[in-house]
Amino acid sequence: MARTAVIGAGMGAMAAAARLAVAGHRVTVYERTETYGGALRGVERDGFRFDTGPAVLPLPAVYRDLFVKTGKRQLEDCVDLVQVDPAARHVFADGTEVTLPNASRAGVVAALDEALGAGAGQRWGDFLVRARETWDRCRRPLLEEPLWPNWQVLAEREPYPAVPRKRLLRTRRAGTLAEIGALELRDPRLAALLDSHALTCGLDPRTAPAGAAVLPYMEHAFGLWYVRGGLRELARAVYERCLERRVEFVLGAEVTRIAAADGTVTGLEFADGTVADAEFVVAGVPPQTLDGLLGGLPVREGGVPPQRGLPSRLTVLMALRGGRPEGTVHRTVVHSADRAAELEALFGPEPHTPAQPTVTVTRPDDPALVPDTEHEAVTLTATVPAGTAGGDAEAHAERMITVAERAVPGLRDRLLWHEIRTPQDVAEATGAPGGAVPAPTLPAVDGRLLHPANSTAVEGLFTVGGWSHPGGGLPHAGMSGALVAGLIVEGPEFRGSQ
């Protein structure tokens with residue numbers, strides 16, 4: 001029975017812990033904070049409950065698989081998982097609105113045609129067909145297999161089948177999401193719809209590869225899901241599955257060093273001076289933290305370098321008087337009135353909070369979140385530069401509320417109180433410098449959006465979670481846990497799920 005130490009209790013780390021325990025490992029998870037879940041945190045106050053991390057779950061099959069492989073009770077036996085339908089309402093800069101059904105190509109085409117004009121739906125539908133081809137080409141190497149040793153092939157390969165557009169004597173093909181919007185969608189509102197998927201993941205659509213088309217495709221093909229009681233309930237369910245599999249958790253345990261001898265891990269050292277021996281160490285921490293724990297010991301040796309310069313998110317938790325109106329959409333995206341200025345503010349040479357942000361308004365139909373039917377819990381989320389704090393965060397929260405009133409008239413008049421969760425809070429929960437949020441792995445662009453492999457140059461040391469392959473996002477975290485467990489149990493010959 002191998003002794004395995006896991007650093008961090010994020011979703012990827014817990015997914016790996018549960019799978020390893022089932023495989024016969026003696027697993028202990030050491031978490032520096034006093035709770036589990038990583039970015040999946042929550043706030044409770046005056047009978048209101050809020051998620052402070054992701055608000056919806058794409059690709060729930062990842063967690064269904066985790067529960068099937070680690071016990072008798074399935075995911076739906078442990079949480080109340082419901083499909084979000086409609087998937088989203090979009091409020092564009094010109095005041096146009098469209099509500100898109102969940103996982104229905106025909107429904108989406110019809111809704112876009114009606115709201116944006118004849119032909120808009122067909123162009124988006126044709127784009128989704130190309131996005132599906134992109135998904136089919138890169139799904140396995142980017143999500144279901146350990147990172148290839150010759151990862152440079154993925155860095156060079158653009159899987160999106162761009163449509164050639166001839167202008168005068170020149171033929172152009174889209175190489176970025178922004179170019180897909182300009183050359184193929186040919187409507188600023190459709191372009192904004194596409195860009196919003198990148199922005200939510202902290203990516204600049206002007207530089208995100210065309211292969212990022214898989215992001216809206218995943219939402220379209222597999223739908224969006226919600227866990228009643230909030231997404232924090234998913235973290236609870238995974239934590240309890242770990243306990244059922246006899247995984248031990250030590251909370252409030254700050255790891256200060258990963259011990260190694262002759263290039264092989266031997267255990268962990270802690271801030272209180274104690275040590276723990278281990279044959280395997282699974283590190284669910286950001287790259288900078290891992291480098292510090294190893295004291296300069298080489299980790300990657302020619303592998304993919306960690307992603308840098310990613311933004312964070314700012315969340316406003318709003319307790320409202322008055323119940324949730326009948327027919328309210330779970331998620332509304334209010335697009336920036338000046339998208340170019342927003343992108344330049346977030347991704348330009350001197351990042352700062354934009355004057356007119358894109359804001360996601362989340363209004364779940366969930367009695368568990370409110371003290372009674374005469375109140376409503378609403379969450380606003382926006383992408384902001386990492387490190388945003390203090391007065392800048394307060395001012396940006398006020399701007400977000402103003403933007404949200406375009407979708408929720410009278411919002412301020414109903415406000416009882418609100419709380420702000422800044423990138424500093426994200427940093428406290430996840431350990432990421434400045435509260436940066438990792439993006440999902442994507443192909444092309446010289447490998448800038450790949451993540452380091454789960455295996456490392458140190459024998460017995462593996463990495464898991466959003467900062468390692470296959471990158472950020474709830475589904476990707478679960479996939480990362482499965483890959484790490486496979487590599488430890490089956491060895492370097494492991495090639496992923498079949």
# chains A, B, ... in the order shown; residues from 1 in each chain; ligands from 1
$ residues_around --residues "Pro298 in chain A" --least-positions-apart "5" --cutoff "10 Å" --atoms "only C-alpha atoms" --output "PyMOL selection string"
chain A and resi 263+291+456-458
$ write_last_selection --atoms "C-alpha atoms" --output "PDB file, in the first residue's frame"
ATOM      1  CA  GLY A 263      15.824  13.119  -7.593  1.00  0.00           C
ATOM      2  CA  ASP A 291       8.948  25.987  -7.309  1.00  0.00           C
ATOM      3  CA  THR A 456       7.532  16.088 -13.440  1.00  0.00           C
ATOM      4  CA  ALA A 457      11.297  15.724 -13.587  1.00  0.00           C
ATOM      5  CA  VAL A 458      11.238  14.641  -9.924  1.00  0.00           C
TER       6      VAL A 458
END
$ residues_around --residues "range 18-34 of chain A" --least-positions-apart "2" --cutoff "9 Å" --atoms "only C-alpha atoms" --output "PyMOL selection string"
chain A and resi 1-10+13-16+36+66+69-71+238-239+241-255+428-429+481-482+484-486+488-489
$ write_last_selection --atoms "N, CA and C atoms" --output "short mmCIF file (atom, residue, chain, number, x, y, z; two decimals), in the first residue's frame"
data_model
loop_
_atom_site.label_atom_id
_atom_site.label_comp_id
_atom_site.auth_asym_id
_atom_site.auth_seq_id
_atom_site.Cartn_x
_atom_site.Cartn_y
_atom_site.Cartn_z
N MET A 1 0.85 -1.19 0.00
CA MET A 1 0.00 0.00 0.00
C MET A 1 0.88 1.24 0.00
N ALA A 2 0.90 1.97 -1.13
CA ALA A 2 1.76 3.14 -1.25
C ALA A 2 1.21 4.30 -0.43
N ARG A 3 2.11 5.01 0.21
CA ARG A 3 1.71 6.19 0.98
C ARG A 3 1.80 7.41 0.07
N THR A 4 0.68 8.10 -0.12
CA THR A 4 0.61 9.23 -1.04
C THR A 4 0.17 10.48 -0.30
N ALA A 5 0.93 11.56 -0.47
CA ALA A 5 0.58 12.85 0.13
C ALA A 5 0.09 13.79 -0.95
N VAL A 6 -1.04 14.43 -0.70
CA VAL A 6 -1.63 15.38 -1.64
C VAL A 6 -1.57 16.76 -1.00
N ILE A 7 -1.00 17.72 -1.74
CA ILE A 7 -0.90 19.10 -1.23
C ILE A 7 -2.07 19.89 -1.81
N GLY A 8 -2.97 20.34 -0.95
CA GLY A 8 -4.13 21.11 -1.39
C GLY A 8 -5.37 20.26 -1.51
N ALA A 9 -6.52 20.86 -1.20
CA ALA A 9 -7.80 20.16 -1.26
C ALA A 9 -8.71 20.79 -2.29
N GLY A 10 -8.13 21.20 -3.44
CA GLY A 10 -8.94 21.67 -4.55
C GLY A 10 -9.65 20.51 -5.23
N ALA A 13 -7.30 17.95 -6.90
CA ALA A 13 -6.56 17.19 -5.89
C ALA A 13 -7.47 16.15 -5.23
N MET A 14 -8.70 16.54 -4.89
CA MET A 14 -9.60 15.58 -4.25
C MET A 14 -10.01 14.47 -5.23
N ALA A 15 -10.19 14.83 -6.51
CA ALA A 15 -10.52 13.81 -7.51
C ALA A 15 -9.41 12.78 -7.61
N ALA A 16 -8.16 13.24 -7.61
CA ALA A 16 -7.02 12.32 -7.63
C ALA A 16 -6.97 11.48 -6.36
N TYR A 36 -12.07 22.72 2.42
CA TYR A 36 -11.75 22.06 1.16
C TYR A 36 -12.42 22.81 0.00
N LEU A 66 -16.12 10.15 -12.08
CA LEU A 66 -15.43 10.07 -10.80
C LEU A 66 -16.23 9.26 -9.80
N LYS A 69 -16.44 5.50 -10.67
CA LYS A 69 -15.18 4.78 -10.48
C LYS A 69 -14.76 4.67 -9.02
N THR A 70 -15.41 5.42 -8.12
CA THR A 70 -14.94 5.44 -6.74
C THR A 70 -15.97 4.96 -5.72
N GLY A 71 -17.13 4.49 -6.17
CA GLY A 71 -18.11 4.02 -5.20
C GLY A 71 -19.41 3.60 -5.83
N VAL A 238 -17.67 15.62 -3.29
CA VAL A 238 -16.37 15.01 -3.60
C VAL A 238 -15.57 14.79 -2.32
N TYR A 239 -15.61 15.75 -1.42
CA TYR A 239 -14.93 15.62 -0.13
C TYR A 239 -15.47 14.41 0.64
N ARG A 241 -16.95 11.81 -0.61
CA ARG A 241 -16.55 10.58 -1.29
C ARG A 241 -15.12 10.20 -0.90
N CYS A 242 -14.25 11.19 -0.77
CA CYS A 242 -12.89 10.93 -0.32
C CYS A 242 -12.89 10.30 1.08
N LEU A 243 -13.70 10.87 1.98
CA LEU A 243 -13.78 10.32 3.33
C LEU A 243 -14.28 8.87 3.31
N GLU A 244 -15.26 8.60 2.46
CA GLU A 244 -15.77 7.23 2.34
C GLU A 244 -14.69 6.26 1.90
N ARG A 245 -13.77 6.75 1.10
CA ARG A 245 -12.66 5.93 0.60
C ARG A 245 -11.46 5.97 1.56
N ARG A 246 -11.67 6.51 2.75
CA ARG A 246 -10.68 6.57 3.83
C ARG A 246 -9.48 7.46 3.50
N VAL A 247 -9.74 8.48 2.71
CA VAL A 247 -8.73 9.53 2.54
C VAL A 247 -8.71 10.38 3.81
N GLU A 248 -7.53 10.65 4.32
CA GLU A 248 -7.40 11.48 5.52
C GLU A 248 -7.15 12.93 5.11
N PHE A 249 -7.82 13.86 5.77
CA PHE A 249 -7.62 15.29 5.52
C PHE A 249 -7.00 15.93 6.76
N VAL A 250 -5.96 16.73 6.53
CA VAL A 250 -5.36 17.53 7.60
C VAL A 250 -5.48 18.99 7.17
N LEU A 251 -6.42 19.70 7.78
CA LEU A 251 -6.66 21.10 7.43
C LEU A 251 -5.76 22.01 8.27
N GLY A 252 -5.49 23.20 7.74
CA GLY A 252 -4.62 24.12 8.44
C GLY A 252 -3.17 23.67 8.46
N ALA A 253 -2.80 22.83 7.49
CA ALA A 253 -1.43 22.29 7.43
C ALA A 253 -0.68 22.97 6.30
N GLU A 254 0.26 23.83 6.63
CA GLU A 254 1.03 24.55 5.62
C GLU A 254 2.31 23.81 5.29
N VAL A 255 2.39 23.32 4.05
CA VAL A 255 3.59 22.63 3.59
C VAL A 255 4.65 23.68 3.26
N GLU A 428 -6.34 33.95 -1.51
CA GLU A 428 -6.37 33.29 -0.21
C GLU A 428 -6.91 31.87 -0.34
N ALA A 429 -7.92 31.69 -1.18
CA ALA A 429 -8.54 30.37 -1.33
C ALA A 429 -7.67 29.40 -2.12
N GLY A 481 -7.37 15.20 -12.24
CA GLY A 481 -7.30 14.19 -11.18
C GLY A 481 -7.27 12.77 -11.73
N ALA A 482 -8.06 12.53 -12.78
CA ALA A 482 -8.07 11.20 -13.40
C ALA A 482 -6.73 10.88 -14.06
N VAL A 484 -3.71 12.10 -13.27
CA VAL A 484 -2.68 11.87 -12.25
C VAL A 484 -2.82 10.49 -11.63
N ALA A 485 -4.05 10.11 -11.30
CA ALA A 485 -4.27 8.78 -10.72
C ALA A 485 -3.81 7.70 -11.70
N GLY A 486 -4.12 7.86 -12.98
CA GLY A 486 -3.70 6.89 -13.97
C GLY A 486 -2.20 6.79 -14.08
N ILE A 488 0.04 7.47 -11.80
CA ILE A 488 0.62 6.87 -10.60
C ILE A 488 0.34 5.38 -10.54
N VAL A 489 -0.88 4.98 -10.85
CA VAL A 489 -1.27 3.58 -10.72
C VAL A 489 -0.69 2.72 -11.85
#
$ atom_distance --atom1 "CA of Pro354 in chain A" --atom2 "CA of Thr379 in chain A"
19.0 Å
$ select_by_dssp --residues "range 76-158 of chain A" --states "alpha helix (DSSP H)" --output "PyMOL selection string"
chain A and resi 76-78+105-116+120-139+152-156
$ write_last_selection --atoms "N, CA and C atoms" --output "tab-separated table (two decimals), in the first residue's frame"
chain	number	residue	atom	x	y	z
A	76	GLU	N	-25.61	11.78	-9.00
A	76	GLU	CA	-26.97	12.27	-8.75
A	76	GLU	C	-27.55	11.73	-7.44
A	77	ASP	N	-26.93	10.73	-6.84
A	77	ASP	CA	-27.34	10.26	-5.52
A	77	ASP	C	-26.79	11.14	-4.41
A	78	CYS	N	-25.77	11.94	-4.76
A	78	CYS	CA	-25.07	12.73	-3.76
A	78	CYS	C	-25.36	14.22	-3.85
A	105	ARG	N	-29.27	23.05	-30.93
A	105	ARG	CA	-28.78	23.84	-32.06
A	105	ARG	C	-29.93	24.51	-32.79
A	106	ALA	N	-31.00	23.76	-33.05
A	106	ALA	CA	-32.14	24.33	-33.77
A	106	ALA	C	-32.75	25.48	-32.97
A	107	GLY	N	-32.86	25.31	-31.66
A	107	GLY	CA	-33.43	26.36	-30.83
A	107	GLY	C	-32.57	27.60	-30.80
A	108	VAL	N	-31.25	27.41	-30.74
A	108	VAL	CA	-30.33	28.55	-30.74
A	108	VAL	C	-30.39	29.29	-32.07
A	109	VAL	N	-30.41	28.55	-33.18
A	109	VAL	CA	-30.49	29.18	-34.50
A	109	VAL	C	-31.75	30.01	-34.62
A	110	ALA	N	-32.88	29.46	-34.19
A	110	ALA	CA	-34.15	30.17	-34.28
A	110	ALA	C	-34.15	31.42	-33.40
A	111	ALA	N	-33.60	31.30	-32.19
A	111	ALA	CA	-33.58	32.44	-31.27
A	111	ALA	C	-32.71	33.57	-31.82
A	112	LEU	N	-31.56	33.22	-32.39
A	112	LEU	CA	-30.67	34.25	-32.93
A	112	LEU	C	-31.27	34.91	-34.17
A	113	ASP	N	-31.90	34.13	-35.02
A	113	ASP	CA	-32.56	34.70	-36.20
A	113	ASP	C	-33.63	35.70	-35.80
A	114	GLU	N	-34.41	35.33	-34.80
A	114	GLU	CA	-35.50	36.20	-34.37
A	114	GLU	C	-34.98	37.48	-33.72
A	115	ALA	N	-33.90	37.36	-32.93
A	115	ALA	CA	-33.42	38.53	-32.19
A	115	ALA	C	-32.47	39.41	-33.01
A	116	LEU	N	-31.63	38.78	-33.84
A	116	LEU	CA	-30.58	39.53	-34.54
A	116	LEU	C	-30.83	39.68	-36.02
A	120	ALA	N	-28.42	35.30	-39.04
A	120	ALA	CA	-27.53	35.31	-37.88
A	120	ALA	C	-27.45	33.92	-37.25
A	121	GLY	N	-28.60	33.29	-37.08
A	121	GLY	CA	-28.63	31.95	-36.50
A	121	GLY	C	-27.90	30.93	-37.33
A	122	GLN	N	-28.06	31.03	-38.66
A	122	GLN	CA	-27.39	30.08	-39.54
A	122	GLN	C	-25.87	30.24	-39.46
A	123	ARG	N	-25.40	31.48	-39.40
A	123	ARG	CA	-23.95	31.69	-39.30
A	123	ARG	C	-23.40	31.11	-37.99
A	124	TRP	N	-24.14	31.32	-36.91
A	124	TRP	CA	-23.71	30.75	-35.63
A	124	TRP	C	-23.80	29.22	-35.67
A	125	GLY	N	-24.85	28.68	-36.26
A	125	GLY	CA	-24.98	27.24	-36.37
A	125	GLY	C	-23.87	26.63	-37.20
A	126	ASP	N	-23.50	27.28	-38.29
A	126	ASP	CA	-22.39	26.79	-39.12
A	126	ASP	C	-21.07	26.84	-38.34
A	127	PHE	N	-20.91	27.89	-37.55
A	127	PHE	CA	-19.73	27.98	-36.70
A	127	PHE	C	-19.67	26.82	-35.71
A	128	LEU	N	-20.81	26.46	-35.13
A	128	LEU	CA	-20.82	25.34	-34.18
A	128	LEU	C	-20.44	24.03	-34.85
A	129	VAL	N	-20.78	23.86	-36.11
A	129	VAL	CA	-20.36	22.66	-36.84
A	129	VAL	C	-18.83	22.61	-36.94
A	130	ARG	N	-18.22	23.75	-37.25
A	130	ARG	CA	-16.76	23.79	-37.32
A	130	ARG	C	-16.15	23.62	-35.93
A	131	ALA	N	-16.82	24.16	-34.92
A	131	ALA	CA	-16.33	24.00	-33.56
A	131	ALA	C	-16.37	22.53	-33.14
A	132	ARG	N	-17.40	21.81	-33.61
A	132	ARG	CA	-17.46	20.39	-33.29
A	132	ARG	C	-16.28	19.65	-33.93
A	133	GLU	N	-15.94	20.00	-35.15
A	133	GLU	CA	-14.80	19.37	-35.79
A	133	GLU	C	-13.52	19.67	-35.02
A	134	THR	N	-13.42	20.89	-34.52
A	134	THR	CA	-12.27	21.25	-33.68
A	134	THR	C	-12.22	20.38	-32.43
A	135	TRP	N	-13.35	20.22	-31.79
A	135	TRP	CA	-13.46	19.38	-30.59
A	135	TRP	C	-13.03	17.95	-30.89
A	136	ASP	N	-13.52	17.40	-31.99
A	136	ASP	CA	-13.18	16.02	-32.34
A	136	ASP	C	-11.68	15.85	-32.58
A	137	ARG	N	-11.05	16.88	-33.11
A	137	ARG	CA	-9.62	16.80	-33.42
A	137	ARG	C	-8.73	16.91	-32.18
A	138	CYS	N	-9.15	17.68	-31.20
A	138	CYS	CA	-8.23	17.95	-30.09
A	138	CYS	C	-8.71	17.44	-28.73
A	139	ARG	N	-9.88	16.82	-28.68
A	139	ARG	CA	-10.42	16.37	-27.38
A	139	ARG	C	-9.46	15.43	-26.65
A	152	GLN	N	5.20	20.00	-28.60
A	152	GLN	CA	5.36	21.07	-29.59
A	152	GLN	C	4.44	20.87	-30.79
A	153	VAL	N	4.06	19.61	-31.06
A	153	VAL	CA	3.12	19.34	-32.15
A	153	VAL	C	1.78	20.02	-31.87
A	154	LEU	N	1.34	19.96	-30.62
A	154	LEU	CA	0.08	20.62	-30.24
A	154	LEU	C	0.23	22.14	-30.30
A	155	ALA	N	1.43	22.62	-29.99
A	155	ALA	CA	1.66	24.06	-30.00
A	155	ALA	C	1.62	24.64	-31.40
A	156	GLU	N	1.94	23.81	-32.39
A	156	GLU	CA	1.99	24.29	-33.77
A	156	GLU	C	0.68	24.05	-34.51
$ select_by_dssp --residues "range 232-474 of chain A" --states "strand (DSSP E)" --output "PyMOL selection string"
chain A and resi 248-251+255-261+264-270+275-277+280-283+312-321+331-334+359-362+375-384+415-421+461-463
$ atom_distance --atom1 "CA of Asp80 in chain A" --atom2 "CA of Val316 in chain A"
25.1 Å
$ residues_around --residues "Met400 in chain A" --least-positions-apart "4" --cutoff "12 Å" --atoms "only C-alpha atoms" --output "ChimeraX atom specification"
/A:313-318,333-336,353-361,379-384,393-396,404-408,411-412,420
$ decode --residues "range 100-161 of chain A" --atoms "C-alpha atoms" --output "compact mmCIF listing (two decimals), in the first residue's frame"
# COMPACT_ATOMS: atom_id res chain seq x y z
CA LEU A 100 -30.53 30.87 -25.85
CA PRO A 101 -31.90 27.42 -25.01
CA ASN A 102 -29.64 24.81 -23.49
CA ALA A 103 -28.04 22.22 -25.79
CA SER A 104 -30.36 22.79 -28.77
CA ARG A 105 -28.78 23.84 -32.06
CA ALA A 106 -32.14 24.33 -33.77
CA GLY A 107 -33.43 26.36 -30.83
CA VAL A 108 -30.33 28.55 -30.74
CA VAL A 109 -30.49 29.18 -34.50
CA ALA A 110 -34.15 30.17 -34.28
CA ALA A 111 -33.58 32.44 -31.27
CA LEU A 112 -30.67 34.25 -32.93
CA ASP A 113 -32.56 34.70 -36.20
CA GLU A 114 -35.50 36.20 -34.37
CA ALA A 115 -33.42 38.53 -32.19
CA LEU A 116 -30.58 39.53 -34.54
CA GLY A 117 -32.10 39.11 -37.97
CA ALA A 118 -32.36 36.42 -40.62
CA GLY A 119 -29.09 34.63 -41.29
CA ALA A 120 -27.53 35.31 -37.88
CA GLY A 121 -28.63 31.95 -36.50
CA GLN A 122 -27.39 30.08 -39.54
CA ARG A 123 -23.95 31.69 -39.30
CA TRP A 124 -23.71 30.75 -35.63
CA GLY A 125 -24.98 27.24 -36.37
CA ASP A 126 -22.39 26.79 -39.12
CA PHE A 127 -19.73 27.98 -36.70
CA LEU A 128 -20.82 25.34 -34.18
CA VAL A 129 -20.36 22.66 -36.84
CA ARG A 130 -16.76 23.79 -37.32
CA ALA A 131 -16.33 24.00 -33.56
CA ARG A 132 -17.46 20.39 -33.29
CA GLU A 133 -14.80 19.37 -35.79
CA THR A 134 -12.27 21.25 -33.68
CA TRP A 135 -13.46 19.38 -30.59
CA ASP A 136 -13.18 16.02 -32.34
CA ARG A 137 -9.62 16.80 -33.42
CA CYS A 138 -8.23 17.95 -30.09
CA ARG A 139 -10.42 16.37 -27.38
CA ARG A 140 -8.20 13.39 -26.61
CA PRO A 141 -4.72 14.97 -26.71
CA LEU A 142 -5.82 18.09 -24.84
CA LEU A 143 -8.22 16.63 -22.26
CA GLU A 144 -8.16 12.85 -21.98
CA GLU A 145 -4.49 11.92 -22.41
CA PRO A 146 -1.36 12.88 -20.48
CA LEU A 147 0.44 15.72 -22.19
CA TRP A 148 2.43 14.38 -25.12
CA PRO A 149 6.22 14.36 -24.70
CA ASN A 150 6.36 16.02 -28.14
CA TRP A 151 3.91 18.68 -27.00
CA GLN A 152 5.36 21.07 -29.59
CA VAL A 153 3.12 19.34 -32.15
CA LEU A 154 0.08 20.62 -30.24
CA ALA A 155 1.66 24.06 -30.00
CA GLU A 156 1.99 24.29 -33.77
CA ARG A 157 -1.28 22.66 -34.82
CA GLU A 158 -4.41 24.80 -35.31
CA PRO A 159 -7.37 22.40 -35.38
CA TYR A 160 -10.07 24.91 -36.29
CA PRO A 161 -11.22 24.51 -39.94
